[in-house]
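Enquirer: Data: protein.cif, mmCIF, C-alpha atoms.
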```cif
data_upload
loop_
_atom_site.group_PDB
_atom_site.id
_atom_site.type_symbol
_atom_site.label_atom_id
_atom_site.label_comp_id
_atom_site.auth_asym_id
_atom_site.auth_seq_id
_atom_site.Cartn_x
_atom_site.Cartn_y
_atom_site.Cartn_z
ATOM 1 C CA MET P 1 -52.611 13.401 -48.911
ATOM 2 C CA GLU P 2 -49.362 15.144 -48.018
ATOM 3 C CA LEU P 3 -50.059 17.743 -50.711
ATOM 4 C CA ALA P 4 -53.526 18.495 -49.304
ATOM 5 C CA ILE P 5 -52.142 18.837 -45.773
ATOM 6 C CA SER P 6 -49.396 21.149 -47.062
ATOM 7 C CA ILE P 7 -51.964 23.407 -48.741
ATOM 8 C CA VAL P 8 -54.085 23.554 -45.567
ATOM 9 C CA VAL P 9 -51.031 24.291 -43.423
ATOM 10 C CA GLY P 10 -50.127 27.074 -45.882
ATOM 11 C CA PHE P 11 -53.591 28.584 -45.306
ATOM 12 C CA MET P 12 -53.006 28.343 -41.557
ATOM 13 C CA ILE P 13 -49.708 30.254 -41.849
ATOM 14 C CA LEU P 14 -51.387 32.964 -43.969
ATOM 15 C CA GLY P 15 -54.212 33.305 -41.441
ATOM 16 C CA ALA P 16 -51.796 33.551 -38.522
ATOM 17 C CA LEU P 17 -49.721 36.213 -40.309
ATOM 18 C CA TYR P 18 -52.853 38.244 -41.080
ATOM 19 C CA ALA P 19 -54.013 37.914 -37.472
ATOM 20 C CA ILE P 20 -50.791 39.540 -36.292
ATOM 21 C CA HIS P 21 -50.813 42.410 -38.798
ATOM 22 C CA ALA P 22 -54.540 43.280 -38.908
ATOM 23 C CA LYS P 23 -55.374 46.708 -37.508
ATOM 24 C CA ASP P 24 -58.976 45.861 -36.636
ATOM 25 C CA LEU P 25 -59.104 43.435 -33.696
ATOM 26 C CA LEU P 26 -62.349 41.804 -34.916
ATOM 27 C CA SER P 27 -60.826 40.717 -38.234
ATOM 28 C CA SER P 28 -57.808 39.508 -36.298
ATOM 29 C CA VAL P 29 -60.057 37.215 -34.221
ATOM 30 C CA ILE P 30 -61.747 35.926 -37.398
ATOM 31 C CA ALA P 31 -58.290 35.202 -38.857
ATOM 32 C CA CYS P 32 -57.533 33.152 -35.726
ATOM 33 C CA GLY P 33 -60.686 31.192 -36.615
ATOM 34 C CA ILE P 34 -59.125 30.344 -40.004
ATOM 35 C CA VAL P 35 -56.227 28.691 -38.153
ATOM 36 C CA GLY P 36 -58.555 26.667 -35.905
ATOM 37 C CA TYR P 37 -60.895 25.408 -38.619
ATOM 38 C CA SER P 38 -57.971 24.537 -40.933
ATOM 39 C CA LEU P 39 -56.651 22.385 -38.076
ATOM 40 C CA VAL P 40 -60.012 20.533 -38.106
ATOM 41 C CA ILE P 41 -59.493 19.698 -41.810
ATOM 42 C CA CYS P 42 -55.946 18.522 -40.999
ATOM 43 C CA PHE P 43 -57.274 16.183 -38.265
ATOM 44 C CA LEU P 44 -59.925 14.779 -40.623
ATOM 45 C CA LEU P 45 -57.298 14.137 -43.334
ATOM 46 C CA LEU P 46 -55.124 12.351 -40.762
ATOM 47 C CA ARG P 47 -58.151 10.205 -39.688
ATOM 48 C CA ALA P 48 -58.587 11.467 -36.130
ATOM 49 C CA PRO P 49 -62.348 12.132 -35.791
ATOM 50 C CA ASP P 50 -62.208 12.384 -31.964
ATOM 51 C CA LEU P 51 -59.747 15.277 -32.087
ATOM 52 C CA ALA P 52 -61.645 16.909 -34.964
ATOM 53 C CA ILE P 53 -64.921 16.967 -32.961
ATOM 54 C CA VAL P 54 -63.239 18.460 -29.882
ATOM 55 C CA GLN P 55 -61.340 21.040 -31.961
ATOM 56 C CA ILE P 56 -64.366 22.261 -33.944
ATOM 57 C CA VAL P 57 -66.543 22.635 -30.821
ATOM 58 C CA VAL P 58 -63.903 24.310 -28.635
ATOM 59 C CA ASP P 59 -62.869 26.634 -31.465
ATOM 60 C CA THR P 60 -66.461 27.807 -31.983
ATOM 61 C CA ILE P 61 -66.996 28.535 -28.282
ATOM 62 C CA THR P 62 -63.634 30.329 -28.015
ATOM 63 C CA LEU P 63 -64.473 32.439 -31.075
ATOM 64 C CA ILE P 64 -67.803 33.501 -29.519
ATOM 65 C CA ILE P 65 -66.138 34.511 -26.245
ATOM 66 C CA MET P 66 -63.315 36.352 -28.051
ATOM 67 C CA VAL P 67 -65.791 38.300 -30.223
ATOM 68 C CA ALA P 68 -67.739 39.263 -27.086
ATOM 69 C CA VAL P 69 -64.517 40.483 -25.464
ATOM 70 C CA VAL P 70 -63.387 42.436 -28.555
ATOM 71 C CA LEU P 71 -66.750 44.200 -28.914
ATOM 72 C CA ASP P 72 -66.316 45.509 -25.352
ATOM 73 C CA SER P 73 -62.729 46.674 -25.840
ATOM 74 C CA SER P 74 -61.170 49.479 -27.898
ATOM 75 C CA LYS P 75 -61.599 47.432 -31.136
ATOM 76 C CA GLU P 76 -58.261 48.658 -32.521
ATOM 77 C CA GLU P 77 -54.731 47.716 -31.689
ATOM 78 C CA SER P 78 -52.668 50.554 -30.250
ATOM 79 C CA TYR P 79 -49.226 50.867 -31.779
ATOM 80 C CA SER P 80 -46.233 52.450 -30.115
ATOM 81 C CA LYS P 81 -42.816 53.352 -31.528
ATOM 82 C CA LEU P 82 -39.768 51.201 -30.781
ATOM 83 C CA ASP P 83 -37.501 52.507 -28.034
ATOM 84 C CA THR P 84 -34.282 51.015 -26.621
ATOM 85 C CA ARG P 85 -36.142 48.353 -24.682
ATOM 86 C CA GLY P 86 -38.034 47.315 -27.796
ATOM 87 C CA TYR P 87 -34.811 46.877 -29.755
ATOM 88 C CA ILE P 88 -33.309 44.764 -26.971
ATOM 89 C CA THR P 89 -36.456 42.570 -26.899
ATOM 90 C CA ALA P 90 -36.410 42.111 -30.678
ATOM 91 C CA ALA P 91 -32.698 41.245 -30.669
ATOM 92 C CA THR P 92 -33.238 38.667 -27.889
ATOM 93 C CA GLY P 93 -36.094 37.114 -29.845
ATOM 94 C CA VAL P 94 -34.019 36.751 -33.002
ATOM 95 C CA LEU P 95 -31.155 35.232 -30.964
ATOM 96 C CA ILE P 96 -33.456 32.638 -29.321
ATOM 97 C CA ILE P 97 -35.005 31.760 -32.707
ATOM 98 C CA GLY P 98 -31.498 31.104 -34.097
ATOM 99 C CA ILE P 99 -30.485 28.922 -31.134
ATOM 100 C CA LEU P 100 -33.733 26.903 -31.296
ATOM 101 C CA LEU P 101 -33.370 26.423 -35.074
ATOM 102 C CA TYR P 102 -29.826 25.092 -34.642
ATOM 103 C CA PHE P 103 -30.841 22.556 -31.991
ATOM 104 C CA PHE P 104 -34.007 21.491 -33.845
ATOM 105 C CA ILE P 105 -31.996 20.719 -36.996
ATOM 106 C CA ASP P 106 -29.422 18.897 -34.875
ATOM 107 C CA SER P 107 -32.054 16.746 -33.131
ATOM 108 C CA ILE P 108 -34.062 15.962 -36.285
ATOM 109 C CA GLN P 109 -30.940 14.526 -37.940
ATOM 110 C CA THR P 110 -30.312 12.155 -35.029
ATOM 111 C CA LEU P 111 -33.953 10.983 -34.681
ATOM 112 C CA ASP P 112 -35.275 7.826 -36.322
ATOM 113 C CA VAL P 113 -37.763 7.861 -39.171
ATOM 114 C CA LEU P 114 -41.260 8.773 -37.941
ATOM 115 C CA GLY P 115 -43.320 5.745 -36.944
ATOM 116 C CA LYS P 116 -40.523 3.166 -36.681
ATOM 117 C CA SER P 117 -39.209 2.914 -33.162
ATOM 118 C CA SER P 118 -41.287 5.470 -31.292
ATOM 119 C CA LEU P 119 -44.548 3.523 -31.791
ATOM 120 C CA ARG P 120 -43.444 0.476 -29.755
ATOM 121 C CA MET P 121 -45.710 1.567 -26.898
ATOM 122 C CA ALA P 122 -48.732 2.138 -29.129
ATOM 123 C CA LYS P 123 -48.533 -1.443 -30.437
ATOM 124 C CA HIS P 124 -49.252 -2.837 -26.973
ATOM 125 C CA TYR P 125 -52.180 -0.447 -26.596
ATOM 126 C CA ILE P 126 -53.769 -1.402 -29.915
ATOM 127 C CA GLU P 127 -53.406 -5.185 -29.514
ATOM 128 C CA GLY P 128 -56.511 -6.478 -27.743
ATOM 129 C CA ALA P 129 -57.464 -3.138 -26.216
ATOM 130 C CA ALA P 130 -61.162 -3.825 -26.836
ATOM 131 C CA GLN P 131 -60.942 -7.006 -24.721
ATOM 132 C CA LYS P 132 -58.871 -5.379 -21.950
ATOM 133 C CA THR P 133 -61.015 -2.293 -21.443
ATOM 134 C CA GLY P 134 -64.337 -3.457 -22.932
ATOM 135 C CA SER P 135 -64.671 -0.200 -24.903
ATOM 136 C CA ALA P 136 -65.286 -0.241 -28.658
ATOM 137 C CA ASN P 137 -63.772 3.250 -29.064
ATOM 138 C CA LEU P 138 -60.019 2.853 -28.643
ATOM 139 C CA VAL P 139 -59.452 6.528 -27.800
ATOM 140 C CA THR P 140 -61.822 6.392 -24.809
ATOM 141 C CA GLY P 141 -60.139 3.204 -23.636
ATOM 142 C CA VAL P 142 -56.709 4.849 -23.708
ATOM 143 C CA VAL P 143 -57.838 8.161 -22.196
ATOM 144 C CA PHE P 144 -59.809 6.743 -19.252
ATOM 145 C CA ASP P 145 -58.083 3.417 -18.607
ATOM 146 C CA PHE P 146 -54.419 3.284 -19.673
ATOM 147 C CA ARG P 147 -53.779 7.001 -19.194
ATOM 148 C CA GLY P 148 -56.220 7.726 -16.366
ATOM 149 C CA TYR P 149 -53.817 10.035 -14.554
ATOM 150 C CA ASP P 150 -53.565 12.377 -17.563
ATOM 151 C CA THR P 151 -57.342 12.784 -17.687
ATOM 152 C CA MET P 152 -57.514 13.463 -13.940
ATOM 153 C CA GLY P 153 -54.826 16.146 -14.269
ATOM 154 C CA GLU P 154 -56.740 17.685 -17.179
ATOM 155 C CA ALA P 155 -59.898 17.935 -15.063
ATOM 156 C CA VAL P 156 -57.967 19.518 -12.158
ATOM 157 C CA VAL P 157 -56.375 22.058 -14.522
ATOM 158 C CA LEU P 158 -59.827 23.033 -15.864
ATOM 159 C CA VAL P 159 -61.239 23.599 -12.363
ATOM 160 C CA THR P 160 -58.166 25.634 -11.397
ATOM 161 C CA ALA P 161 -58.603 27.770 -14.512
ATOM 162 C CA VAL P 162 -62.249 28.465 -13.607
ATOM 163 C CA LEU P 163 -61.262 29.457 -10.052
ATOM 164 C CA GLY P 164 -58.571 31.761 -11.466
ATOM 165 C CA VAL P 165 -61.048 33.433 -13.830
ATOM 166 C CA LEU P 166 -63.542 33.971 -10.988
ATOM 167 C CA THR P 167 -60.830 35.439 -8.750
ATOM 168 C CA ILE P 168 -59.339 37.798 -11.329
ATOM 169 C CA LEU P 169 -62.609 39.053 -12.877
ATOM 170 C CA ARG P 170 -64.435 39.716 -9.589
ATOM 171 C CA ILE P 171 -64.829 43.457 -9.115
ATOM 172 C CA LYS P 172 -67.044 43.677 -6.023
ATOM 173 C CA GLY P 173 -64.766 41.765 -3.671
ATOM 174 C CA LYS P 174 -61.708 43.866 -4.496
ATOM 175 C CA LYS P 175 -62.548 46.753 -2.141
ATOM 176 C CA MET T 176 -82.521 40.163 -29.801
ATOM 177 C CA THR T 177 -85.364 40.016 -32.346
ATOM 178 C CA ILE T 178 -88.276 37.569 -32.213
ATOM 179 C CA ILE T 179 -86.807 35.487 -35.062
ATOM 180 C CA VAL T 180 -83.634 34.767 -33.094
ATOM 181 C CA LYS T 181 -85.636 33.953 -29.943
ATOM 182 C CA LYS T 182 -87.990 31.534 -31.710
ATOM 183 C CA THR T 183 -85.125 29.804 -33.543
ATOM 184 C CA THR T 184 -83.273 29.442 -30.258
ATOM 185 C CA GLN T 185 -86.351 27.885 -28.641
ATOM 186 C CA LEU T 186 -86.494 25.310 -31.430
ATOM 187 C CA ILE T 187 -82.781 24.521 -31.624
ATOM 188 C CA ALA T 188 -81.393 24.732 -28.064
ATOM 189 C CA GLY T 189 -83.123 21.594 -26.815
ATOM 190 C CA MET T 190 -81.892 19.541 -29.749
ATOM 191 C CA VAL T 191 -78.322 20.764 -29.242
ATOM 192 C CA PHE T 192 -78.563 19.806 -25.554
ATOM 193 C CA MET T 193 -79.845 16.316 -26.434
ATOM 194 C CA TYR T 194 -77.050 15.893 -28.990
ATOM 195 C CA GLY T 195 -74.489 16.714 -26.305
ATOM 196 C CA ILE T 196 -75.995 14.056 -24.022
ATOM 197 C CA TYR T 197 -75.889 11.580 -26.927
ATOM 198 C CA VAL T 198 -72.191 12.296 -27.576
ATOM 199 C CA ILE T 199 -71.370 11.800 -23.872
ATOM 200 C CA VAL T 200 -73.385 8.593 -23.386
ATOM 201 C CA HIS T 201 -72.069 6.982 -26.581
ATOM 202 C CA GLY T 202 -68.490 8.085 -25.833
ATOM 203 C CA HIS T 203 -67.182 4.527 -25.501
ATOM 204 C CA LEU T 204 -68.754 3.397 -28.785
ATOM 205 C CA THR T 205 -68.412 6.228 -31.312
ATOM 206 C CA PRO T 206 -65.993 9.190 -31.726
ATOM 207 C CA GLY T 207 -66.558 11.896 -29.148
ATOM 208 C CA GLY T 208 -66.721 11.497 -25.402
ATOM 209 C CA GLY T 209 -66.939 13.484 -22.214
ATOM 210 C CA PHE T 210 -64.941 16.506 -23.304
ATOM 211 C CA ALA T 211 -66.613 17.087 -26.693
ATOM 212 C CA GLY T 212 -70.120 16.406 -25.362
ATOM 213 C CA GLY T 213 -69.615 18.721 -22.391
ATOM 214 C CA VAL T 214 -68.601 21.576 -24.651
ATOM 215 C CA VAL T 215 -71.678 20.950 -26.851
ATOM 216 C CA ILE T 216 -73.951 21.176 -23.770
ATOM 217 C CA ALA T 217 -72.223 24.399 -22.695
ATOM 218 C CA GLY T 218 -72.764 25.702 -26.237
ATOM 219 C CA SER T 219 -76.525 25.171 -25.994
ATOM 220 C CA LEU T 220 -76.660 27.032 -22.654
ATOM 221 C CA ILE T 221 -74.536 29.875 -24.089
ATOM 222 C CA LEU T 222 -76.936 30.043 -27.070
ATOM 223 C CA VAL T 223 -79.917 30.586 -24.749
ATOM 224 C CA THR T 224 -78.006 33.205 -22.739
ATOM 225 C CA LEU T 225 -76.964 35.117 -25.865
ATOM 226 C CA ALA T 226 -80.458 35.129 -27.354
ATOM 227 C CA TYR T 227 -82.376 36.142 -24.215
ATOM 228 C CA GLY T 228 -79.779 38.293 -22.450
ATOM 229 C CA GLY T 229 -78.425 38.150 -18.909
ATOM 230 C CA ASP T 230 -81.731 39.225 -17.311
ATOM 231 C CA PHE T 231 -83.365 35.983 -18.445
ATOM 232 C CA LEU T 232 -81.348 34.051 -15.848
ATOM 233 C CA LYS T 233 -82.477 36.431 -13.046
ATOM 234 C CA LEU T 234 -78.913 36.668 -11.779
ATOM 235 C CA VAL T 235 -78.803 40.450 -11.421
ATOM 236 C CA LYS T 236 -81.733 42.041 -9.548
ATOM 237 C CA GLU T 237 -81.227 43.958 -6.293
ATOM 238 C CA GLU T 238 -78.356 44.338 -3.892
ATOM 239 C CA ALA T 239 -78.604 41.875 -1.008
ATOM 240 C CA GLY T 240 -80.715 39.172 -2.615
ATOM 241 C CA THR T 241 -78.700 38.866 -5.768
ATOM 242 C CA THR T 242 -75.396 38.419 -4.021
ATOM 243 C CA ILE T 243 -76.689 35.358 -2.163
ATOM 244 C CA VAL T 244 -78.413 33.882 -5.208
ATOM 245 C CA GLU T 245 -75.445 34.534 -7.447
ATOM 246 C CA SER T 246 -72.964 33.118 -4.945
ATOM 247 C CA LEU T 247 -75.150 30.048 -4.405
ATOM 248 C CA ALA T 248 -75.411 29.444 -8.140
ATOM 249 C CA THR T 249 -71.672 29.813 -8.495
ATOM 250 C CA ILE T 250 -70.999 27.459 -5.574
ATOM 251 C CA LEU T 251 -73.467 24.901 -6.966
ATOM 252 C CA VAL T 252 -71.870 24.901 -10.379
ATOM 253 C CA ILE T 253 -68.397 24.635 -8.850
ATOM 254 C CA THR T 254 -69.573 21.784 -6.587
ATOM 255 C CA ILE T 255 -70.881 19.912 -9.600
ATOM 256 C CA ALA T 256 -67.584 20.527 -11.370
ATOM 257 C CA VAL T 257 -65.460 19.386 -8.421
ATOM 258 C CA SER T 258 -67.528 16.308 -7.580
ATOM 259 C CA GLY T 259 -67.133 15.252 -11.208
ATOM 260 C CA PHE T 260 -63.574 14.164 -10.596
ATOM 261 C CA LEU T 261 -63.798 13.536 -6.829
ATOM 262 C CA PHE T 262 -65.954 10.514 -7.596
ATOM 263 C CA GLY T 263 -63.522 9.271 -10.185
ATOM 264 C CA THR T 264 -60.265 9.291 -8.257
ATOM 265 C CA LYS T 265 -61.259 6.674 -5.705
ATOM 266 C CA ILE T 266 -61.609 3.963 -8.317
ATOM 267 C CA PHE T 267 -59.302 5.303 -10.935
ATOM 268 C CA PHE T 268 -57.413 2.247 -12.055
ATOM 269 C CA ASN T 269 -59.859 -0.375 -10.939
ATOM 270 C CA ASN T 270 -62.369 -1.266 -13.639
ATOM 271 C CA PHE T 271 -64.437 -3.185 -11.133
ATOM 272 C CA LEU T 272 -67.770 -3.349 -12.956
ATOM 273 C CA PRO T 273 -68.415 -6.217 -15.417
ATOM 274 C CA LYS T 274 -67.148 -5.426 -18.908
ATOM 275 C CA GLY T 275 -70.173 -6.732 -20.823
ATOM 276 C CA ILE T 276 -70.198 -7.304 -24.574
ATOM 277 C CA VAL T 277 -68.026 -4.986 -26.676
ATOM 278 C CA GLY T 278 -70.233 -2.658 -28.727
ATOM 279 C CA HIS T 279 -73.288 -2.630 -26.478
ATOM 280 C CA LEU T 280 -74.492 0.608 -24.857
ATOM 281 C CA VAL T 281 -74.095 -0.766 -21.315
ATOM 282 C CA SER T 282 -70.560 -2.129 -21.424
ATOM 283 C CA ALA T 283 -66.929 -1.221 -20.635
ATOM 284 C CA GLY T 284 -67.378 -1.171 -16.835
ATOM 285 C CA VAL T 285 -66.809 2.289 -15.334
ATOM 286 C CA LEU T 286 -65.700 4.080 -18.526
ATOM 287 C CA PRO T 287 -69.210 5.509 -19.318
ATOM 288 C CA LEU T 288 -69.400 6.868 -15.745
ATOM 289 C CA TYR T 289 -66.074 8.680 -16.232
ATOM 290 C CA ASN T 290 -67.465 10.081 -19.490
ATOM 291 C CA ILE T 291 -70.587 11.400 -17.744
ATOM 292 C CA PHE T 292 -68.655 12.990 -14.854
ATOM 293 C CA VAL T 293 -66.059 14.624 -17.094
ATOM 294 C CA GLY T 294 -68.821 15.853 -19.420
ATOM 295 C CA THR T 295 -70.712 17.481 -16.527
ATOM 296 C CA GLU T 296 -67.545 19.104 -15.248
ATOM 297 C CA VAL T 297 -66.497 20.482 -18.641
ATOM 298 C CA ALA T 298 -69.996 21.848 -19.365
ATOM 299 C CA ALA T 299 -70.139 23.552 -15.960
ATOM 300 C CA SER T 300 -66.626 25.005 -16.272
ATOM 301 C CA ILE T 301 -67.028 26.497 -19.732
ATOM 302 C CA PHE T 302 -70.494 27.861 -19.000
ATOM 303 C CA ILE T 303 -69.303 29.495 -15.767
ATOM 304 C CA ILE T 304 -66.418 31.205 -17.570
ATOM 305 C CA PHE T 305 -68.966 32.684 -20.006
ATOM 306 C CA LEU T 306 -71.381 33.616 -17.198
ATOM 307 C CA SER T 307 -68.691 35.335 -15.127
ATOM 308 C CA LEU T 308 -67.911 37.631 -18.070
ATOM 309 C CA ILE T 309 -71.588 38.706 -18.126
ATOM 310 C CA ILE T 310 -72.257 38.890 -14.362
ATOM 311 C CA PHE T 311 -69.160 40.859 -13.391
ATOM 312 C CA LYS T 312 -69.651 43.294 -16.286
ATOM 313 C CA GLU T 313 -73.205 44.068 -15.138
ATOM 314 C CA GLU T 314 -71.941 44.406 -11.562
ATOM 315 C CA SER T 315 -69.354 46.999 -12.574
ATOM 316 C CA GLN T 316 -71.919 49.112 -14.441
ATOM 317 C CA LYS T 317 -74.011 49.690 -11.308
#
```
For this file, produce the structure as structure tokens.
Expert:
Amino acid sequence: MELAISIVVGFMILGALYAIHAKDLLSSVIACGIVGYSLVICFLLLRAPDLAIVQIVVDTITLIIMVAVVLDSSKEESYSKLDTRGYITAATGVLIIGILLYFFIDSIQTLDVLGKSSLRMAKHYIEGAAQKTGSANLVTGVVFDFRGYDTMGEAVVLVTAVLGVLTILRIKGKK
Amino acid sequence: MTIIVKKTTQLIAGMVFMYGIYVIVHGHLTPGGGFAGGVVIAGSLILVTLAYGGDFLKLVKEEAGTTIVESLATILVITIAVSGFLFGTKIFFNNFLPKGIVGHLVSAGVLPLYNIFVGTEVAASIFIIFLSLIIFKEESQK
């Protein structure tokens, strides 16, 4: 299974690289779709059908909206030559990548093996969750009962995003 | 759009809507839930809007009338979205309804109600983001 996931993740990296370098914005959006749908296959291989359903639906809707936006725009990415500010930005990016890589390697060496000590919490959730919450689907039980605050925050964030979109996109009220 | 697209949309959109309701209502039994089902419902509404165009919803007509109608529609959708989680917060940690038998459709206390409210809110939010792109574009072209 690890081999299959590695191949799919390789496809995702190729799609992301093409999305950055494509000249036509429409093909760039389609390449972003490759990344999203490969993630669906990854979730199915890792046996997470809840996440796979949400990912495939949200990715489709996002793709539709992005295509609608691209068809209204200039349809091609405008390139500009690097000046002094561009060089400084690129140098800062490379520096931050190096620092992050150093600390990631440092922290991975000190962590435990995946799934040994960090899953202590999950054990209490899984044991008798169907009796505690009365829900046959464990994910719904965790999302709405044990972690109710997270779901409430998610809903508030969505409403705030809608209000932000309405405020920014409104043209008539700007006079 | 052509007549083929319109007829196919007429046949399919209702089934997609019903499937979204099924995913929401069975959220505590099978994979899925409020979030996935809400996005499916929004997808069916977006399908109708794409096939029939913005005029089908009668949101853009004349000056004074449209502003009121459009604002009212927006406020209604936002009210539905906000009341979706206003109802939930009061009883957030208290699963006060009887649990029932695990695996039945009517079981798990208040969890199905959370699923329905979150599903309504997500459907309204995503559909209003799509609608605002259409409405404000047609406003700017006047």
Enquirer: To one decimal in Å, tell me the separation between atom CA of Thr183 of chain T and atom CA of Ile216 of chain T.
Expert: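 Computing the Euclidean distance for atom CA of Thr183 of chain T and atom CA of Ile216 of chain T yields 17.2 Å.
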Enquirer: Show me, as a ChimeraX atom specification, the residues that have an atom within 10 Å of Gly294 of chain T when counting all atoms listed in the file, minus same-chain residues fewer than 4 positions from it.
Expert: /T:195-196,198-200,208-217,256,259,288-290,298-300
Enquirer: What residues come out when you apply the PyMOL selection byres ((chain P) within 9 of (chain T)) to this file, written as an NGL selection string?
Expert: :P and (48-51 or 53-55 or 57-58 or 60-61 or 65 or 69 or 130-141 or 144-146 or 148-149 or 151-152 or 155-156 or 158-159 or 161-163 or 165-166 or 169-172)
Enquirer: Just the number, please: distance in Å from atom CA of Ser80 of chain P to atom CA of Val35 of chain P, one decimal.
Expert: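 Going from atom CA of Ser80 of chain P over to atom CA of Val35 of chain P covers 27.0 Å.
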Enquirer: Work out how far apart atom CA of Phe292 of chain T and atom CA of Val142 of chain P are and give it in Å to one decimal.
Expert: 17.0 Å
Enquirer: Write out, as a Markdown table, each residue of segment 75-148 of chain P that has an atom at most 9 Å from segment 20-34 of chain P, together with the closest pair of atoms and their distance in Å to one decimal, counting only C-alpha atoms, rows going by chain and rising number.
Expert:
```
| residue | atom | partner | partner_atom | distance |
| --- | --- | --- | --- | --- |
| P:Lys75 | CA | P:Leu25 | CA | 5.4 |
| P:Glu76 | CA | P:Asp24 | CA | 5.0 |
| P:Glu77 | CA | P:Lys23 | CA | 5.9 |
| P:Ser78 | CA | P:Lys23 | CA | 8.6 |
```
Enquirer: To box segment 128-145 of chain P, take all atoms listed in the file, fit an axis-aligned box, add 5 Å on each side, and give centre and edge lengths in Å to one decimal, as lines of an AutoDock Vina configuration file.
Expert:
```
center_x = -60.9
center_y = 0.6
center_z = -23.8
size_x = 18.8
size_y = 25.2
size_z = 20.5
```
Enquirer: Report the residues retrieved by the PyMOL selection byres ((chain T and resi 176) around 7) from the displayed file, expressed as a list in words.
Expert: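 So the PyMOL selection byres ((chain T and resi 176) around 7) ends up selecting Thr177, Ile178, Val180, Lys181, Ala226 and Tyr227 of chain T.
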Enquirer: For the residues selected in the previous step, produce a file with C-alpha atoms as a compact mmCIF listing (two decimals), in the frame of the given file.
Expert:
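Listed below is the output, again_37.txt:
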```txt
# COMPACT_ATOMS: atom_id res chain seq x y z
CA THR T 177 -85.36 40.02 -32.35
CA ILE T 178 -88.28 37.57 -32.21
CA VAL T 180 -83.63 34.77 -33.09
CA LYS T 181 -85.64 33.95 -29.94
CA ALA T 226 -80.46 35.13 -27.35
CA TYR T 227 -82.38 36.14 -24.22
```
